[in-house]
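upload15.cif follows; it contains mmCIF, C-alpha atoms and all ligand atoms.
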data_coords
loop_
_atom_site.label_atom_id
_atom_site.label_comp_id
_atom_site.auth_asym_id
_atom_site.auth_seq_id
_atom_site.Cartn_x
_atom_site.Cartn_y
_atom_site.Cartn_z
CA MET A 12 -10.92 -5.38 2.13
CA LYS A 13 -10.02 -2.22 4.04
CA ALA A 14 -8.98 0.90 2.16
CA ILE A 15 -8.54 4.61 2.75
CA VAL A 16 -11.14 6.24 0.51
CA TYR A 17 -11.86 9.80 -0.60
CA THR A 18 -14.93 10.79 -2.59
CA GLU A 19 -14.43 14.57 -2.56
CA TYR A 20 -11.37 16.81 -2.85
CA GLY A 21 -10.12 18.42 0.33
CA SER A 22 -7.73 18.20 3.25
CA PRO A 23 -6.66 14.85 4.77
CA ASP A 24 -9.88 15.13 6.84
CA VAL A 25 -11.87 13.82 3.86
CA LEU A 26 -10.05 10.45 3.98
CA HIS A 27 -11.92 7.55 5.57
CA LEU A 28 -11.16 3.94 6.34
CA GLN A 29 -13.80 1.82 4.57
CA GLU A 30 -14.65 -1.72 3.55
CA VAL A 31 -14.56 -1.90 -0.25
CA ALA A 32 -14.65 -4.76 -2.75
CA LYS A 33 -11.36 -6.58 -3.25
CA PRO A 34 -10.25 -5.89 -6.84
CA ALA A 35 -9.76 -8.63 -9.44
CA PRO A 36 -6.83 -8.42 -11.87
CA LYS A 37 -7.39 -7.79 -15.58
CA ASP A 38 -5.48 -9.97 -18.07
CA ASP A 39 -2.27 -7.88 -17.86
CA GLU A 40 -2.49 -7.10 -14.14
CA VAL A 41 -1.36 -8.68 -10.92
CA LEU A 42 -3.28 -8.59 -7.66
CA VAL A 43 -0.91 -7.51 -4.89
CA LYS A 44 -1.46 -7.95 -1.17
CA VAL A 45 -0.05 -4.64 0.05
CA TYR A 46 2.30 -4.83 3.02
CA ALA A 47 3.53 -1.24 2.89
CA VAL A 48 2.95 1.94 0.90
CA SER A 49 4.72 5.28 1.20
CA VAL A 50 3.17 8.73 0.98
CA ASN A 51 4.26 11.37 -1.51
CA ALA A 52 3.52 15.01 -2.25
CA ALA A 53 1.67 13.70 -5.31
CA ASP A 54 -0.95 12.11 -3.01
CA LEU A 55 -1.54 15.54 -1.49
CA HIS A 56 -1.81 17.23 -4.90
CA LEU A 57 -4.50 14.76 -5.93
CA LEU A 58 -6.26 14.85 -2.57
CA ARG A 59 -6.55 18.63 -2.62
CA ALA A 60 -6.85 18.95 -6.42
CA ASP A 61 -3.99 21.41 -6.17
CA PRO A 62 -3.08 22.80 -8.65
CA PHE A 63 -6.67 23.20 -9.85
CA LEU A 64 -5.85 22.03 -13.38
CA ILE A 65 -5.07 18.58 -12.01
CA ARG A 66 -8.87 18.10 -12.16
CA LEU A 67 -8.66 17.80 -15.94
CA SER A 68 -7.13 14.36 -15.47
CA SER A 69 -8.24 13.38 -11.96
CA GLY A 70 -11.91 14.36 -12.22
CA LEU A 71 -13.50 17.79 -12.64
CA LEU A 72 -15.88 17.87 -9.66
CA LYS A 73 -14.84 14.79 -7.70
CA PRO A 74 -11.99 12.29 -7.89
CA LYS A 75 -12.24 9.53 -10.52
CA ASN A 76 -10.02 7.20 -8.51
CA ASN A 77 -11.13 7.00 -4.89
CA ILE A 78 -8.04 5.43 -3.37
CA LEU A 79 -4.68 7.22 -3.38
CA GLY A 80 -1.26 5.67 -2.77
CA SER A 81 1.30 5.00 -5.49
CA ASP A 82 4.42 3.45 -3.98
CA ILE A 83 3.57 -0.07 -2.93
CA ALA A 84 5.45 -3.11 -1.71
CA GLY A 85 3.68 -6.40 -1.27
CA ARG A 86 3.14 -9.99 -2.36
CA VAL A 87 1.54 -11.12 -5.60
CA GLU A 88 -1.63 -13.02 -4.77
CA ALA A 89 -3.03 -13.65 -8.26
CA VAL A 90 -2.09 -12.85 -11.86
CA GLY A 91 -4.12 -12.11 -15.00
CA GLU A 92 -3.85 -14.62 -17.83
CA ASN A 93 -1.41 -12.55 -19.94
CA VAL A 94 1.01 -11.77 -17.10
CA LYS A 95 4.48 -13.10 -17.87
CA GLN A 96 6.79 -11.55 -15.31
CA PHE A 97 5.29 -12.54 -11.98
CA LYS A 98 3.61 -15.45 -10.23
CA PRO A 99 1.66 -15.74 -6.99
CA GLY A 100 3.98 -15.54 -4.00
CA ASP A 101 6.46 -13.09 -5.61
CA ASP A 102 7.37 -10.08 -3.49
CA VAL A 103 7.22 -6.89 -5.56
CA PHE A 104 7.45 -3.13 -5.32
CA GLY A 105 6.64 -0.29 -7.66
CA ASP A 106 5.00 3.03 -8.46
CA ILE A 107 1.44 2.44 -9.65
CA SER A 108 0.57 6.12 -10.23
CA ALA A 109 0.41 5.68 -14.01
CA GLY A 110 -2.25 2.99 -13.66
CA GLY A 111 -4.93 4.24 -11.31
CA TRP A 112 -3.25 4.48 -7.88
CA GLY A 113 -5.03 2.53 -5.10
CA GLY A 114 -2.13 1.68 -2.79
CA PHE A 115 -3.77 2.83 0.47
CA ALA A 116 -5.57 -0.50 0.67
CA GLU A 117 -5.05 -4.10 1.67
CA TYR A 118 -5.01 -5.20 -1.99
CA VAL A 119 -4.46 -3.44 -5.27
CA CYS A 120 -4.29 -4.45 -8.93
CA ALA A 121 -1.31 -3.16 -10.87
CA HIS A 122 -0.03 -3.49 -14.42
CA GLU A 123 2.87 -5.91 -14.38
CA ASP A 124 5.17 -3.32 -16.03
CA ALA A 125 4.80 -1.04 -13.00
CA LEU A 126 6.42 -3.61 -10.74
CA VAL A 127 9.80 -5.16 -10.07
CA LEU A 128 10.78 -7.98 -7.71
CA LYS A 129 11.48 -6.57 -4.25
CA PRO A 130 15.12 -6.59 -3.16
CA ALA A 131 15.38 -9.47 -0.68
CA ASN A 132 17.51 -7.42 1.72
CA LEU A 133 14.82 -4.76 2.17
CA SER A 134 11.76 -4.86 4.40
CA PHE A 135 8.43 -4.08 2.74
CA GLU A 136 8.50 -0.64 4.38
CA GLU A 137 11.95 0.09 2.98
CA ALA A 138 10.92 -1.09 -0.49
CA ALA A 139 7.77 1.06 -0.42
CA ALA A 140 9.92 4.09 0.40
CA VAL A 141 11.79 3.82 -2.89
CA PRO A 142 9.84 4.14 -6.15
CA MET A 143 8.70 7.72 -6.70
CA ALA A 144 11.34 9.51 -4.62
CA ALA A 145 14.32 7.51 -5.88
CA VAL A 146 13.25 7.55 -9.53
CA THR A 147 12.70 11.32 -9.31
CA ALA A 148 16.26 11.76 -8.04
CA LEU A 149 17.63 9.38 -10.70
CA GLN A 150 15.79 11.15 -13.51
CA GLY A 151 16.87 14.53 -12.14
CA PHE A 152 20.49 13.50 -12.55
CA ARG A 153 19.80 12.09 -16.01
CA TYR A 154 18.11 15.35 -17.03
CA ALA A 155 21.39 17.03 -16.11
CA GLY A 156 23.31 14.69 -18.39
CA GLN A 157 26.20 12.66 -17.13
CA VAL A 158 27.40 12.96 -13.54
CA ARG A 159 31.14 12.39 -13.68
CA PRO A 160 33.33 11.17 -10.83
CA GLY A 161 34.86 14.05 -8.93
CA GLN A 162 32.23 16.56 -10.00
CA LYS A 163 31.03 18.91 -7.29
CA VAL A 164 27.33 18.31 -6.73
CA LEU A 165 25.11 20.29 -4.38
CA ILE A 166 21.75 18.90 -3.27
CA ASN A 167 19.28 21.38 -1.81
CA GLY A 168 16.56 19.69 0.25
CA ALA A 169 18.93 16.83 1.01
CA SER A 170 17.01 15.57 4.05
CA GLY A 171 13.65 14.84 2.41
CA GLY A 172 12.29 11.81 0.58
CA VAL A 173 13.84 12.73 -2.78
CA GLY A 174 16.92 14.40 -1.28
CA THR A 175 18.09 11.39 0.76
CA PHE A 176 18.07 9.28 -2.42
CA ALA A 177 19.74 12.09 -4.40
CA VAL A 178 22.67 12.30 -1.96
CA GLN A 179 23.26 8.55 -2.13
CA LEU A 180 22.89 8.38 -5.91
CA ALA A 181 25.32 11.26 -6.42
CA LYS A 182 27.85 9.42 -4.22
CA THR A 183 27.29 6.27 -6.24
CA PHE A 184 28.15 8.22 -9.39
CA GLY A 185 31.41 9.24 -7.72
CA ALA A 186 30.56 12.89 -7.16
CA GLU A 187 31.78 15.09 -4.32
CA VAL A 188 28.49 15.82 -2.62
CA THR A 189 27.40 18.83 -0.58
CA ALA A 190 24.08 18.42 1.22
CA VAL A 191 22.01 21.45 2.21
CA CYS A 192 19.70 20.84 5.16
CA SER A 193 18.86 22.25 8.58
CA THR A 194 20.81 21.64 11.80
CA ARG A 195 18.92 18.56 12.97
CA ASN A 196 19.58 16.75 9.67
CA LEU A 197 23.32 17.36 9.33
CA ASP A 198 24.41 14.06 10.91
CA ARG A 199 21.93 12.09 8.84
CA ALA A 200 23.23 13.74 5.66
CA ARG A 201 26.79 12.78 6.59
CA SER A 202 25.70 9.24 7.46
CA ILE A 203 24.26 8.68 3.99
CA GLY A 204 27.47 9.83 2.36
CA ALA A 205 27.52 13.61 2.00
CA ASP A 206 31.12 14.85 1.88
CA HIS A 207 30.13 18.34 3.01
CA VAL A 208 27.03 19.69 4.72
CA ILE A 209 25.62 23.19 4.77
CA ASP A 210 23.18 24.14 7.50
CA TYR A 211 20.81 26.47 5.69
CA THR A 212 19.81 28.10 8.98
CA LYS A 213 23.40 29.33 9.45
CA GLU A 214 25.08 29.49 6.07
CA ASP A 215 23.99 30.55 2.60
CA PHE A 216 25.27 28.20 -0.11
CA ALA A 217 24.66 30.93 -2.69
CA ARG A 218 26.92 33.41 -0.93
CA ASN A 219 29.81 31.41 0.49
CA GLY A 220 31.96 31.59 -2.63
CA GLN A 221 31.71 27.87 -3.47
CA LYS A 222 30.84 26.83 -7.04
CA TYR A 223 29.23 23.59 -8.09
CA ASP A 224 29.22 21.64 -11.37
CA LEU A 225 25.71 20.41 -10.72
CA ILE A 226 22.99 21.59 -8.39
CA LEU A 227 19.95 19.42 -7.83
CA ALA A 228 17.17 21.31 -6.07
CA THR A 229 14.95 18.60 -4.64
CA ASN A 230 13.34 21.08 -2.27
CA GLY A 231 13.79 24.63 -1.05
CA ASP A 232 12.71 28.10 -1.99
CA ARG A 233 15.61 29.95 -3.59
CA SER A 234 15.65 32.25 -6.57
CA ILE A 235 17.13 31.08 -9.84
CA SER A 236 19.74 33.85 -9.56
CA ASP A 237 20.88 32.39 -6.21
CA TYR A 238 21.33 29.00 -7.83
CA ARG A 239 23.08 30.62 -10.79
CA ARG A 240 25.55 32.35 -8.50
CA ALA A 241 26.51 29.00 -6.96
CA LEU A 242 27.05 27.32 -10.34
CA SER A 243 30.43 27.01 -12.04
CA PRO A 244 30.64 28.74 -15.47
CA LYS A 245 29.52 25.55 -17.25
CA GLY A 246 27.45 24.26 -14.36
CA ILE A 247 24.04 22.64 -14.57
CA TYR A 248 21.05 23.32 -12.34
CA VAL A 249 18.12 20.90 -12.25
CA GLN A 250 15.02 21.56 -10.19
CA THR A 251 12.91 18.54 -9.30
CA GLY A 252 10.82 20.04 -6.47
CA GLY A 253 10.43 22.82 -3.94
CA SER A 254 8.32 25.94 -3.72
CA MET A 255 6.06 27.13 -6.52
CA ALA A 256 8.32 30.18 -7.03
CA GLN A 257 11.41 27.98 -7.32
CA MET A 258 9.58 25.73 -9.77
CA SER A 259 8.17 28.45 -11.99
CA GLN A 260 11.49 30.31 -12.20
CA ALA A 261 13.26 27.14 -13.29
CA MET A 262 10.54 26.49 -15.86
CA LEU A 263 10.22 29.99 -17.26
CA GLN A 264 13.70 31.49 -16.92
CA GLY A 265 15.77 28.30 -17.09
CA PRO A 266 15.41 27.76 -20.86
CA TRP A 267 16.38 31.38 -21.62
CA ILE A 268 19.46 31.26 -19.37
CA SER A 269 20.45 27.96 -20.96
CA MET A 270 20.10 29.37 -24.49
CA THR A 271 21.99 32.57 -23.87
CA GLY A 272 24.83 31.47 -21.58
CA SER A 273 27.16 28.61 -20.78
CA GLN A 274 25.21 27.43 -17.74
CA LYS A 275 22.25 25.09 -18.14
CA MET A 276 19.22 25.55 -15.89
CA GLY A 277 15.82 23.91 -15.93
CA ASN A 278 12.92 22.09 -14.37
CA MET A 279 12.81 18.34 -14.79
CA GLY A 280 9.02 18.13 -14.93
CA VAL A 281 7.16 15.22 -13.44
CA ALA A 282 9.17 12.02 -13.06
CA LYS A 283 8.08 9.17 -15.30
CA PRO A 284 7.73 5.89 -13.45
CA ASN A 285 9.20 3.01 -15.40
CA GLN A 286 10.45 -0.49 -14.83
CA LYS A 287 13.98 0.17 -16.15
CA ASP A 288 14.71 2.87 -13.60
CA LEU A 289 13.20 0.80 -10.83
CA MET A 290 15.49 -2.06 -11.86
CA ILE A 291 18.47 0.28 -11.53
CA MET A 292 17.32 1.15 -8.04
CA LYS A 293 16.77 -2.51 -7.19
CA GLU A 294 20.35 -3.32 -8.15
CA LEU A 295 21.76 -0.42 -6.14
CA LEU A 296 19.63 -1.39 -3.15
CA GLU A 297 20.64 -5.05 -3.36
CA ALA A 298 24.29 -4.04 -3.59
CA GLY A 299 23.85 -1.93 -0.45
CA LYS A 300 24.91 1.20 -2.34
CA VAL A 301 21.65 2.97 -1.58
CA LYS A 302 19.53 2.55 1.51
CA PRO A 303 16.08 4.05 2.03
CA VAL A 304 15.85 6.54 4.87
CA ILE A 305 12.55 6.20 6.72
CA ASP A 306 11.39 8.91 9.08
CA ARG A 307 8.35 7.14 10.53
CA CYS A 308 5.69 4.53 9.83
CA TYR A 309 1.94 4.77 10.39
CA PRO A 310 -0.75 2.07 10.29
CA LEU A 311 -3.23 2.08 7.39
CA ARG A 312 -6.00 3.73 9.44
CA GLU A 313 -3.69 6.73 10.02
CA VAL A 314 -2.96 7.65 6.39
CA ALA A 315 -4.52 11.07 7.02
CA ASP A 316 -2.05 11.71 9.87
CA ALA A 317 0.83 10.57 7.67
CA LEU A 318 -0.22 13.02 4.97
CA ARG A 319 -0.64 15.84 7.50
CA TYR A 320 2.87 15.16 8.73
CA LEU A 321 4.27 15.11 5.19
CA GLU A 322 2.45 18.34 4.43
CA GLU A 323 4.25 20.10 7.28
CA GLY A 324 7.32 19.85 5.03
CA HIS A 325 9.86 18.59 7.53
CA ALA A 326 9.91 14.82 7.05
CA GLN A 327 13.38 13.36 7.53
CA GLY A 328 13.41 10.88 4.67
CA LYS A 329 10.30 8.94 3.74
CA VAL A 330 6.98 8.49 5.54
CA VAL A 331 5.59 4.99 5.17
CA ILE A 332 2.30 3.22 5.90
CA THR A 333 2.49 -0.33 7.26
CA VAL A 334 -0.59 -2.05 5.85
CA ALA A 335 0.16 -5.57 7.07
CA GLN A 336 2.94 -6.86 9.29
CA ASN A 337 5.55 -9.10 7.72
CA ASN A 338 8.61 -10.06 9.67
CA GLN A 339 10.13 -12.51 7.23
CA THR A 340 12.56 -10.09 5.61
CA GLU A 341 16.16 -9.70 6.70
CA PRO A 342 17.10 -6.13 7.61
CA SER A 343 18.98 -4.32 4.87
CA VAL A 344 22.66 -3.55 4.87
CA VAL A 345 24.01 0.01 5.09
CA SER A 346 26.93 0.64 2.83
CA GLN A 347 28.51 3.75 1.48
CA SER A 348 30.59 2.05 -1.19
CA GLN A 349 31.09 4.28 -4.20
CA GLU A 350 31.32 3.30 -7.79
CA ASN A 351 30.94 5.19 -10.99
CA MET A 352 27.38 4.51 -12.09
CA ALA A 353 27.48 7.10 -14.85
CA GLU A 354 27.45 4.44 -17.55
CA MET A 355 24.30 2.92 -16.14
CA LEU A 356 22.74 6.35 -15.88
CA GLU A 357 23.54 7.17 -19.48
CA THR A 358 22.44 3.93 -21.04
CA SER A 359 19.27 3.25 -19.12
CA GLY A 360 17.03 5.85 -20.80
CA SER A 361 13.83 6.98 -19.12
N1 LIG B 401 9.35 16.11 -10.14
C1 LIG B 401 8.70 15.10 -9.60
O1 LIG B 401 8.20 14.20 -10.28
C2 LIG B 401 8.58 15.03 -8.09
C3 LIG B 401 8.47 13.79 -7.45
C4 LIG B 401 8.43 13.76 -6.06
C5 LIG B 401 8.43 14.96 -5.35
N2 LIG B 401 8.49 16.13 -6.02
C6 LIG B 401 8.54 17.41 -5.29
O2 LIG B 401 9.81 17.46 -4.67
C7 LIG B 401 9.75 18.18 -3.46
C8 LIG B 401 10.37 17.37 -2.36
O3 LIG B 401 9.72 16.13 -2.22
P1 LIG B 401 10.10 15.22 -1.00
O4 LIG B 401 9.24 14.02 -1.07
O5 LIG B 401 11.57 15.09 -0.92
O6 LIG B 401 9.58 16.19 0.17
P2 LIG B 401 9.73 16.04 1.72
O7 LIG B 401 10.24 14.68 2.06
O8 LIG B 401 8.44 16.44 2.31
O9 LIG B 401 10.82 17.14 2.06
C9 LIG B 401 10.96 17.49 3.38
C10 LIG B 401 12.39 17.85 3.63
O10 LIG B 401 12.72 19.04 2.94
C11 LIG B 401 13.53 19.86 3.79
N3 LIG B 401 13.32 21.27 3.54
C12 LIG B 401 12.19 21.98 3.75
N4 LIG B 401 12.36 23.25 3.41
C13 LIG B 401 13.64 23.37 3.00
C14 LIG B 401 14.43 24.45 2.52
N5 LIG B 401 13.94 25.68 2.41
N6 LIG B 401 15.72 24.20 2.17
C15 LIG B 401 16.24 22.98 2.26
N7 LIG B 401 15.54 21.91 2.72
C16 LIG B 401 14.25 22.10 3.07
C17 LIG B 401 13.08 19.51 5.18
O11 LIG B 401 14.14 19.70 6.07
P3 LIG B 401 14.02 20.72 7.32
O12 LIG B 401 12.92 20.18 8.17
O13 LIG B 401 15.33 20.63 7.94
O14 LIG B 401 13.71 22.06 6.75
C18 LIG B 401 12.67 18.06 5.10
O15 LIG B 401 13.70 17.18 5.50
C19 LIG B 401 8.27 18.53 -3.25
O16 LIG B 401 8.08 19.85 -3.70
C20 LIG B 401 7.53 17.56 -4.16
O17 LIG B 401 6.32 18.08 -4.63
C21 LIG B 401 8.59 16.21 -7.36
#
Can I see the file as structure tokens?
Amino acid sequence: MKAIVYTEYGSPDVLHLQEVAKPAPKDDEVLVKVYAVSVNAADLHLLRADPFLIRLSSGLLKPKNNILGSDIAGRVEAVGENVKQFKPGDDVFGDISAGGWGGFAEYVCAHEDALVLKPANLSFEEAAAVPMAAVTALQGFRYAGQVRPGQKVLINGASGGVGTFAVQLAKTFGAEVTAVCSTRNLDRARSIGADHVIDYTKEDFARNGQKYDLILATNGDRSISDYRRALSPKGIYVQTGGSMAQMSQAMLQGPWISMTGSQKMGNMGVAKPNQKDLMIMKELLEAGKVKPVIDRCYPLREVADALRYLEEGHAQGKVVITVAQNNQTEPSVVSQSQENMAEMLETSGS
């Protein structure tokens, strides 16, 4: 089979299209024919071994796993003898980062618990756009506690992979959502449900006098004191991504601010892929309450270009790799219907 392989750490230049052996599923694994896979910042962290300490788990001198790619959508071709949830012919999607990666390939083996049946109303590309980004946004809101209807929620980085899911999830929870993005993304933010938009090239959300009950920083590079200024007295700030400075301030200063004042601030850490959260997303996607936003698609041989584009930091939604064409799926439905999903959020666990 064809796969995009890397045998040394480095820039996307070290990625090569190669013929490799088609994998065979272990007893608790399924073999998936990959139709689409999306790219994530996590692929770049592993590719570049950045931060350096990532080598402790991914391989000290060279990568242990030679094929990146976590967010797959495809068709089950074979199952191991202990697999209970899937059978050949099932269409599935999931985040396989906990089990060895390998999605930038025509076939991959995945633990059955990493997968969920693909929503029938989504194309394979749309399904592949979901797992890591959407579950990160979902777990970011859960880290904040309950999102209640009517709460004022601000999403910084609202136009990226995680941000476009965060805006839609916040609307689904019934929040009044303000999306922070640049000029070219304002219409898109409105179209996915944002009640208010702030163009960060023209207006500073931290200095316009508005206060928010919850701020989710999915991207950006603002100081923790800026976020604090924009929070209501009992507001909550959760950082799921963004610059290193933004991340380290949330990690180091957040706990102290939370202990000594009425506001809660912190870093969510790395999202934990799990079947329960993916099921929540599947239901929201099937109900048309959330719709993946895809910036562009690349063929498998151009994974390096897709990662270079992602690395520029201006993707408008998700960047997806089409591994094999499949035209049998009905296009998905766009809907901005709002319902209070707080109960689901609270009870699902992570
Ligand atoms: N915690 C986790 O487990 C987890 C999981 C996934 C991702 N992440 C992290 O989350 C962050 C975002 O991931 P992503 O996949 O959403 O990234 P992404 O898709 O690459 O984000 C790109 C978007 O961010 C916007 N953006 C860039 N700079 C901005 C700024 N200063 N203020 C506001 N928006 C800005 C860009 O809009 P413009 O072009 O208009 O600037 C673009 O639309 C990354 O740091 C990633 O490492 C963390």
Counting all atoms listed in the file, which residues in chain A sit no more than 7 Å from ligand LIG 401 (chain B)? For each one, give the nearest pair of atoms and the distance in Å, sorted by chain then residue number, as a tab-separated table.
residue	atom	partner	partner_atom	distance
A:Asn51	CA	B:LIG401	O4	5.7
A:Ala52	CA	B:LIG401	O17	4.8
A:Ala53	CA	B:LIG401	O17	6.4
A:Met143	CA	B:LIG401	C4	6.1
A:Ala144	CA	B:LIG401	C4	5.3
A:Thr147	CA	B:LIG401	C3	5.2
A:Asn167	CA	B:LIG401	C15	5.3
A:Gly168	CA	B:LIG401	N7	3.5
A:Ala169	CA	B:LIG401	N7	6.3
A:Ser170	CA	B:LIG401	O15	4.0
A:Gly171	CA	B:LIG401	O7	3.4
A:Gly172	CA	B:LIG401	O5	3.7
A:Val173	CA	B:LIG401	O5	3.8
A:Gly174	CA	B:LIG401	O5	5.4
A:Val191	CA	B:LIG401	C15	6.0
A:Cys192	CA	B:LIG401	N7	4.9
A:Ser193	CA	B:LIG401	O13	3.9
A:Thr194	CA	B:LIG401	O13	6.8
A:Arg195	CA	B:LIG401	O13	6.5
A:Asn196	CA	B:LIG401	O13	6.0
A:Tyr211	CA	B:LIG401	N6	6.6
A:Thr229	CA	B:LIG401	C8	5.3
A:Asn230	CA	B:LIG401	C8	4.8
A:Gly231	CA	B:LIG401	N5	3.6
A:Asp232	CA	B:LIG401	N5	5.2
A:Thr251	CA	B:LIG401	N1	4.4
A:Gly252	CA	B:LIG401	O2	3.3
A:Gly253	CA	B:LIG401	O16	3.8
A:Ser254	CA	B:LIG401	O16	6.1
A:Met279	CA	B:LIG401	N1	6.2
A:Gly280	CA	B:LIG401	N1	5.2
A:Val281	CA	B:LIG401	O1	3.5
A:Ala282	CA	B:LIG401	O1	3.7
A:Leu321	CA	B:LIG401	O8	5.2
A:Glu322	CA	B:LIG401	O8	6.6
A:Gly324	CA	B:LIG401	O8	4.5
A:His325	CA	B:LIG401	O12	3.5
A:Ala326	CA	B:LIG401	C9	4.7
A:Gln327	CA	B:LIG401	O15	4.3
A:Gly328	CA	B:LIG401	O7	5.6
A:Lys329	CA	B:LIG401	O7	6.0
**OP:** Go through A:Leu57, A:Pro36, A:Arg66, A:Gly185 and flag the residue nearest A:Pro23, using only C-alpha atoms for the distances.
**Re:** A:Leu57
**OP:** Can you work out which one of A:Pro130, A:Gly111, A:Gly277, A:Gly70 has the shortest atom-to-atom distance to A:Leu295, counting only C-alpha atoms?
**Re:** A:Pro130
Original post:
Taking into account only C-alpha atoms, which residue in the set A:Leu289, A:Ala138, A:Val90, A:Ile247 is nearest to A:Lys302?
Top reply: A:Ala138
**OP:** Tell me which of A:Met255, A:Leu67, A:Val249, A:Ile305 sits closest to A:Tyr154, counting all atoms listed in the file.
**Re:**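 Closest to A:Tyr154 of all the choices is A:Val249.
Here atom CA of A:Thr212 and atom CA of A:Arg319 stand 23.9 Å from one another.
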Original post:
Between atom CA of A:Gly114 and atom CA of A:Pro34, what is the distance, to one decimal in Å?
Top reply: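 Pair atom CA of A:Gly114 / atom CA of A:Pro34 returns 11.8 Å.
Using all atoms listed in the file, the shortest contact distance between A:Ala148 and any of A:Val31, A:Leu72, A:Ala181, A:Val48 is found at A:Ala181.
Distances to A:Asp215 were evaluated for A:Ile15, A:Val25, A:Tyr238, A:Pro266 using all atoms listed in the file, and the minimum falls at A:Tyr238.
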**OP:** Considering all atoms listed in the file, return as a PyMOL selection string whatever protein or nucleic-acid residues lie within 9 Å of A:Asp38, sequence-local ones (same chain, fewer than 5 positions apart) excluded.
**Re:** chain A and resi 90-94
Subject >> Long-range neighbours of A:Asn285 as a PyMOL selection string, 12 Å cut-off, only C-alpha atoms, 4 positions minimum in chain >> reply: chain A and resi 104-110+122-127+142-143+145-147+149-150+289-292+359-361
Original post:
To one decimal place, how far is atom CA of A:Gln336 from atom CA of A:Lys300 in Å?
Top reply: 26.1 Å
Original post:
Contacts of A:Ala14 at 6 Å or less, counting all atoms listed in the file, minus same-chain residues fewer than 6 places along, as a list of chain:residue names?
Top reply: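 Contacts, in chain order: A:Leu28, A:Gln29, A:Phe115, A:Ala116.
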Please provide as a PDB file with C-alpha atoms, in the coordinates of the input all residues within 8 Å of A:Val87, with the sequence filter that same-chain residues fewer than 2 positions apart are discarded (counting only C-alpha atoms).
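Output file out01.pdb follows:
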ATOM      1  CA  VAL A  41      -1.360  -8.680 -10.920  1.00  0.00           C
ATOM      2  CA  LEU A  42      -3.280  -8.590  -7.660  1.00  0.00           C
ATOM      3  CA  VAL A  43      -0.910  -7.510  -4.890  1.00  0.00           C
ATOM      4  CA  LYS A  44      -1.460  -7.950  -1.170  1.00  0.00           C
ATOM      5  CA  GLY A  85       3.680  -6.400  -1.270  1.00  0.00           C
ATOM      6  CA  ALA A  89      -3.030 -13.650  -8.260  1.00  0.00           C
ATOM      7  CA  VAL A  90      -2.090 -12.850 -11.860  1.00  0.00           C
ATOM      8  CA  PHE A  97       5.290 -12.540 -11.980  1.00  0.00           C
ATOM      9  CA  LYS A  98       3.610 -15.450 -10.230  1.00  0.00           C
ATOM     10  CA  PRO A  99       1.660 -15.740  -6.990  1.00  0.00           C
ATOM     11  CA  GLY A 100       3.980 -15.540  -4.000  1.00  0.00           C
ATOM     12  CA  ASP A 101       6.460 -13.090  -5.610  1.00  0.00           C
ATOM     13  CA  ASP A 102       7.370 -10.080  -3.490  1.00  0.00           C
ATOM     14  CA  VAL A 103       7.220  -6.890  -5.560  1.00  0.00           C
TER      15      VAL A 103
END
**OP:** Give as a list in words every residue, naming chains and numbers as the document does, that has an atom within 10 Å of (13.2, 29.1, -15.4), counting all atoms listed in the file.
**Re:**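 The residues near that point, listed by chain and number, are Ser234, Ile235, Ser236, Gln250, Ala256, Gln257, Met258, Ser259, Gln260, Ala261, Met262, Leu263, Gln264, Gly265, Pro266, Trp267, Ile268, Ser269, Met276, Gly277 and Asn278 of chain A.
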**OP:** Do a neighbour search on A:Ala60 at 10 Å with all atoms listed in the file, toss out local chain neighbours closer than 5 positions, and write the hits as a PyMOL selection string.
**Re:** chain A and resi 19-22+54-55+65-67+69-74
